[in-house]
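Colleague: Supplied structure: my_file.csv, CSV, C-alpha atoms.
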```
chain,number,residue,atom,x,y,z
F,116,MET,CA,13.6,26.0,7.7
F,117,SER,CA,11.9,22.7,7.1
F,118,LEU,CA,14.2,20.0,5.8
F,119,LYS,CA,13.0,17.0,3.8
F,120,LEU,CA,14.6,13.6,4.3
F,121,LYS,CA,14.0,10.8,1.8
F,122,ILE,CA,14.8,7.3,3.2
F,123,ILE,CA,15.5,5.1,0.2
F,124,SER,CA,15.4,1.3,0.4
F,125,GLY,CA,17.9,0.2,-2.2
F,126,SER,CA,17.1,-3.5,-2.8
F,127,THR,CA,14.3,-4.7,-5.1
F,128,ARG,CA,14.8,-8.4,-4.6
F,129,PRO,CA,11.9,-10.6,-3.6
F,130,GLY,CA,12.1,-11.4,0.1
F,131,ARG,CA,14.2,-8.3,0.9
F,132,VAL,CA,14.3,-6.7,4.3
F,133,GLY,CA,15.2,-3.1,3.4
F,134,PRO,CA,11.6,-1.9,3.9
F,135,THR,CA,11.5,-3.5,7.3
F,136,ILE,CA,14.7,-1.7,8.4
F,137,ALA,CA,13.4,1.5,6.6
F,138,LYS,CA,10.3,1.5,8.8
F,139,TRP,CA,12.5,1.6,11.9
F,140,ALA,CA,14.8,4.2,10.3
F,141,ALA,CA,11.7,6.4,9.5
F,142,SER,CA,10.5,6.2,13.1
F,143,ALA,CA,14.0,7.1,14.3
F,144,ALA,CA,14.2,10.1,11.9
F,145,GLU,CA,10.7,11.3,13.0
F,146,ALA,CA,11.7,11.0,16.7
F,147,HIS,CA,14.9,12.9,15.9
F,148,GLY,CA,12.7,15.8,14.8
F,149,GLY,CA,15.1,17.5,12.3
F,150,PHE,CA,13.2,16.5,9.1
F,151,GLU,CA,10.0,15.9,7.3
F,152,VAL,CA,10.4,12.2,6.6
F,153,GLU,CA,9.3,10.2,3.5
F,154,SER,CA,10.2,6.5,2.8
F,155,ILE,CA,10.9,5.5,-0.8
F,156,ASP,CA,11.0,1.9,-1.9
F,157,LEU,CA,12.9,1.5,-5.2
F,158,ALA,CA,10.8,-1.6,-5.9
F,159,ASP,CA,7.8,0.8,-6.1
F,160,ILE,CA,9.6,3.2,-8.4
F,161,ASN,CA,10.5,0.4,-10.8
F,162,LEU,CA,13.2,2.0,-12.8
F,163,PRO,CA,14.5,0.2,-15.9
F,164,LEU,CA,18.2,0.1,-16.5
F,165,LEU,CA,19.3,3.5,-17.9
F,166,ASP,CA,16.6,3.8,-20.5
F,167,GLU,CA,16.7,7.5,-21.1
F,168,PRO,CA,18.1,8.6,-24.5
F,169,ALA,CA,19.7,11.8,-23.2
F,170,HIS,CA,22.5,12.1,-20.6
F,171,PRO,CA,21.0,12.7,-17.1
F,172,ALA,CA,22.7,16.1,-16.8
F,173,ALA,CA,20.5,17.3,-19.6
F,174,GLN,CA,17.3,16.5,-17.5
F,175,GLN,CA,15.5,15.8,-20.8
F,176,TYR,CA,13.5,12.8,-19.5
F,177,THR,CA,11.1,11.0,-21.8
F,178,HIS,CA,9.7,8.4,-19.5
F,179,ASP,CA,7.2,8.9,-16.7
F,180,HIS,CA,9.1,6.7,-14.3
F,181,THR,CA,12.2,8.9,-14.6
F,182,LYS,CA,10.2,12.1,-14.3
F,183,ARG,CA,8.6,10.7,-11.1
F,184,TRP,CA,12.0,9.7,-9.7
F,185,SER,CA,13.5,13.0,-10.6
F,186,SER,CA,10.7,14.8,-8.8
F,187,ILE,CA,11.2,12.7,-5.7
F,188,VAL,CA,14.9,13.3,-5.6
F,189,ALA,CA,14.7,17.0,-6.5
F,190,ASP,CA,12.3,17.6,-3.6
F,191,ALA,CA,14.8,16.2,-1.0
F,192,ASP,CA,17.2,18.1,1.2
F,193,ALA,CA,18.9,15.0,2.5
F,194,PHE,CA,18.9,11.2,1.9
F,195,LEU,CA,19.2,8.2,4.1
F,196,PHE,CA,20.0,5.1,2.0
F,197,LEU,CA,19.4,1.5,3.2
F,198,THR,CA,21.6,-0.8,1.3
F,199,PRO,CA,22.3,-4.5,1.6
F,200,GLU,CA,25.6,-6.0,0.5
F,201,TYR,CA,25.4,-8.1,-2.7
F,202,ASP,CA,28.7,-9.8,-3.6
F,203,TYR,CA,30.6,-7.1,-1.6
F,204,PHE,CA,28.8,-4.3,-3.5
F,205,THR,CA,25.8,-2.0,-3.6
F,206,PRO,CA,22.8,-3.6,-5.4
F,207,ALA,CA,22.4,-2.8,-9.1
F,208,SER,CA,19.0,-1.4,-8.4
F,209,LEU,CA,20.4,1.3,-6.2
F,210,VAL,CA,23.4,2.0,-8.5
F,211,ASN,CA,20.9,2.5,-11.4
F,212,ALA,CA,18.6,4.8,-9.3
F,213,VAL,CA,21.6,7.0,-8.6
F,214,GLN,CA,23.0,7.0,-12.2
F,215,VAL,CA,19.7,7.7,-13.9
F,216,LEU,CA,19.7,11.3,-12.5
F,217,TYR,CA,22.5,13.9,-12.0
F,218,ARG,CA,21.5,17.4,-11.1
F,219,GLU,CA,18.8,16.4,-8.7
F,220,TRP,CA,21.4,14.9,-6.4
F,221,ASN,CA,23.7,17.9,-6.3
F,222,TYR,CA,24.6,19.6,-3.0
F,223,LYS,CA,22.6,17.3,-0.8
F,224,PRO,CA,23.9,15.1,2.1
F,225,ALA,CA,23.4,11.4,2.4
F,226,GLY,CA,23.8,9.0,5.2
F,227,ILE,CA,23.8,5.2,4.9
F,228,ILE,CA,22.5,2.3,7.0
F,229,SER,CA,24.0,-0.9,5.6
F,230,TYR,CA,23.1,-4.5,6.4
F,231,GLY,CA,24.6,-7.8,5.7
F,232,GLY,CA,26.5,-10.7,7.3
F,233,ILE,CA,29.6,-10.2,9.4
F,234,SER,CA,30.6,-7.0,7.7
F,235,GLY,CA,27.2,-5.4,8.2
F,236,GLY,CA,27.2,-4.3,4.6
F,237,LEU,CA,30.2,-1.9,5.1
F,238,ARG,CA,31.8,-2.8,1.8
F,239,ALA,CA,28.5,-1.9,0.0
F,240,SER,CA,28.4,1.4,1.9
F,241,GLN,CA,31.8,2.3,0.7
F,242,THR,CA,31.0,1.7,-3.0
F,243,LEU,CA,27.8,3.7,-2.5
F,244,ARG,CA,29.6,6.6,-0.8
F,245,GLU,CA,32.0,6.8,-3.8
F,246,LEU,CA,29.2,6.7,-6.3
F,247,LEU,CA,27.3,9.4,-4.4
F,248,GLY,CA,30.3,11.6,-4.4
F,249,ASN,CA,30.5,11.3,-8.1
F,250,VAL,CA,27.1,12.9,-8.5
F,251,ASN,CA,28.0,15.7,-6.1
F,252,VAL,CA,26.3,14.4,-3.0
F,253,MET,CA,28.0,14.9,0.4
F,254,ALA,CA,28.1,11.2,1.5
F,255,LEU,CA,28.7,11.3,5.2
F,256,PRO,CA,31.5,9.1,6.6
F,257,GLN,CA,29.3,8.0,9.5
F,258,VAL,CA,27.7,4.7,8.4
F,259,VAL,CA,25.5,2.6,10.6
F,260,PRO,CA,26.2,-1.1,9.9
F,261,VAL,CA,23.8,-3.8,10.8
F,262,PRO,CA,25.7,-7.1,10.9
F,263,PHE,CA,23.8,-10.4,11.0
F,264,PHE,CA,20.6,-8.5,10.3
F,265,PRO,CA,18.2,-11.5,10.6
F,266,GLU,CA,18.9,-11.5,14.4
F,267,PHE,CA,17.2,-8.1,14.7
F,268,ILE,CA,14.0,-9.0,12.9
F,269,ASN,CA,11.3,-10.8,14.8
F,270,ASP,CA,8.6,-13.2,13.6
F,271,GLU,CA,6.3,-10.2,13.0
F,272,SER,CA,8.9,-8.6,10.7
F,273,VAL,CA,9.8,-5.8,13.1
F,274,PHE,CA,13.4,-4.6,13.2
F,275,THR,CA,14.7,-3.9,16.7
F,276,PRO,CA,18.2,-2.4,16.7
F,277,ASN,CA,20.7,-2.8,19.4
F,278,ASP,CA,21.9,0.2,21.4
F,279,LYS,CA,24.9,0.9,19.2
F,280,MET,CA,22.8,0.9,16.1
F,281,SER,CA,20.3,3.3,17.7
F,282,GLU,CA,23.1,5.6,19.0
F,283,GLY,CA,24.8,5.6,15.6
F,284,THR,CA,21.6,6.4,13.8
F,285,THR,CA,20.9,9.3,16.2
F,286,GLN,CA,24.4,10.7,15.5
F,287,LEU,CA,24.0,10.2,11.8
F,288,LEU,CA,20.7,12.1,11.8
F,289,GLY,CA,22.3,14.9,13.7
F,290,GLU,CA,25.1,15.1,11.1
F,291,LEU,CA,22.6,15.0,8.3
F,292,THR,CA,20.6,17.9,9.8
F,293,LYS,CA,23.8,20.0,10.0
F,294,TRP,CA,24.9,19.3,6.4
F,295,ALA,CA,21.3,19.6,5.0
F,296,THR,CA,21.0,23.0,6.6
F,297,ALA,CA,24.3,24.2,5.3
F,298,LEU,CA,23.9,22.8,1.8
F,299,LYS,CA,20.4,24.1,1.3
F,300,THR,CA,21.9,27.6,1.2
F,301,MET,CA,24.1,26.5,-1.7
F,302,ARG,CA,21.1,25.3,-3.7
F,303,GLY,CA,19.1,28.5,-2.9
```
Would you mind giving the structure from this file in structure tokens?

Modeller:
Amino acid sequence: MSLKLKIISGSTRPGRVGPTIAKWAASAAEAHGGFEVESIDLADINLPLLDEPAHPAAQQYTHDHTKRWSSIVADADAFLFLTPEYDYFTPASLVNAVQVLYREWNYKPAGIISYGGISGGLRASQTLRELLGNVNVMALPQVVPVPFFPEFINDESVFTPNDKMSEGTTQLLGELTKWATALKTMRG
């Protein structure tokens, strides 16, 4: 059974580092071998703020950007979110991306790699886990925090994690594989 993992970079701000960390996360996921891996950058999706006239549960989308986003999310078996911490919270771009859909998220697991200052984005990961639970996603408790993230990005914009981040990501991918396998049967 082939499992599809979507790695979603949650920040859309200019100068963001999410895609840099996502590139490393995609390499780690491919090396893990449990998934077909696809990286998604929310800046490329370009979702306006809740602009659909019908409730997301109805899946009556009128805009091409929402239809495209729906297709991407519906196609996944699992998610790995990369979230920075903005003012102790998940970025609005990521909150909007979750809230614009509903059924497409159901019965799928999600892991989180968070980044920020001293907390490594853990406060943002907690708010994101709560939001994901509200759309029927199994948000895993194992979060990989990246504190003081600029220290791990070199002059060529390559993210190099420390051993604990690598170990945590390997464990998180293992848990995602287990949950994705089990939950896929619920969606069948």

Colleague: Compare F:Gly231, F:Pro262, F:Gly226, F:Gly149 by their minimum atom-to-atom distance to Thr296 of chain F, counting only C-alpha atoms, and give me the closest one.

Modeller: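 Of F:Gly231, F:Pro262, F:Gly226, F:Gly149, the one nearest Thr296 of chain F, counting only C-alpha atoms, is F:Gly149.
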
Colleague: If you count all atoms listed in the file, which residues fall within 6 Å of segment 268-281 of chain F, apart from same-chain ones fewer than 3 positions away, as a VMD selection string?

Modeller: chain F and resid 136 265 284

Colleague: From the set F:Gln174, F:Ser229, F:Asn251, F:Thr300, which residue has the shortest atom-to-atom contact distance to Leu195 of chain F, counting only C-alpha atoms?

Modeller: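 The closest residue to Leu195 of chain F is F:Ser229.
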
Colleague: Quick one: residues within 7 Å of (9.8, 9.2, 0.6) (file frame), counting all atoms listed in the file, please, as a ChimeraX atom specification.

Modeller: /F:121-122,152-155

Colleague: Show me, as JSON, numbers by chain, the residues that have an atom within 12 Å of Thr198 of chain F when counting only C-alpha atoms, minus same-chain residues fewer than 6 positions from it.

Modeller: {"F": [122, 123, 124, 125, 126, 127, 128, 131, 132, 133, 134, 136, 137, 156, 157, 204, 205, 206, 207, 208, 209, 210, 226, 227, 228, 229, 230, 231, 235, 236, 237, 238, 239, 240, 241, 242, 243, 244, 258, 259, 260, 261, 264]}

Colleague: Taking only C-alpha atoms into account, name the residue in F:Arg302, F:Ala144, F:His180, F:Phe194 that is nearest to Glu167 of chain F.

Modeller: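 With only C-alpha atoms as the atom set, the closest residue is F:His180.
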
Colleague: With all atoms listed in the file as the atoms that count, which of F:Gln214, F:Gly303, F:Ala254, F:Ile160 lies nearest to Ser186 of chain F?

Modeller: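 Smallest separation from Ser186 of chain F among the options: F:Ile160.
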
Colleague: For a test of reading the model, state the distance in Å between atom CA of Glu151 of chain F and atom CA of Asp190 of chain F, rounded to one decimal.

Modeller: 11.3 Å

Colleague: Closest to Leu118 of chain F among F:Ile233, F:Val188, F:Ala295, F:Ala158, using only C-alpha atoms?

Modeller: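 Using only C-alpha atoms, the shortest distance to Leu118 of chain F belongs to F:Ala295.
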
Colleague: Please determine, counting all atoms listed in the file, which residue among F:Gln286, F:Asp166, F:Ser185, F:Leu197 has the shortest atom-to-atom distance to Lys138 of chain F.

Modeller: F:Leu197

Colleague: To one decimal place, how far is atom CA of Phe267 of chain F from atom CA of Ser234 of chain F in Å?

Modeller: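 Computed distance, atom CA of Phe267 of chain F to atom CA of Ser234 of chain F, equals 15.2 Å.
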
Colleague: Would you mind reading off the distance between atom CA of Leu288 of chain F and atom CA of Ala191 of chain F, one decimal, in Å?

Modeller: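 Spanning atom CA of Leu288 of chain F to atom CA of Ala191 of chain F is a straight-line distance of 14.7 Å.
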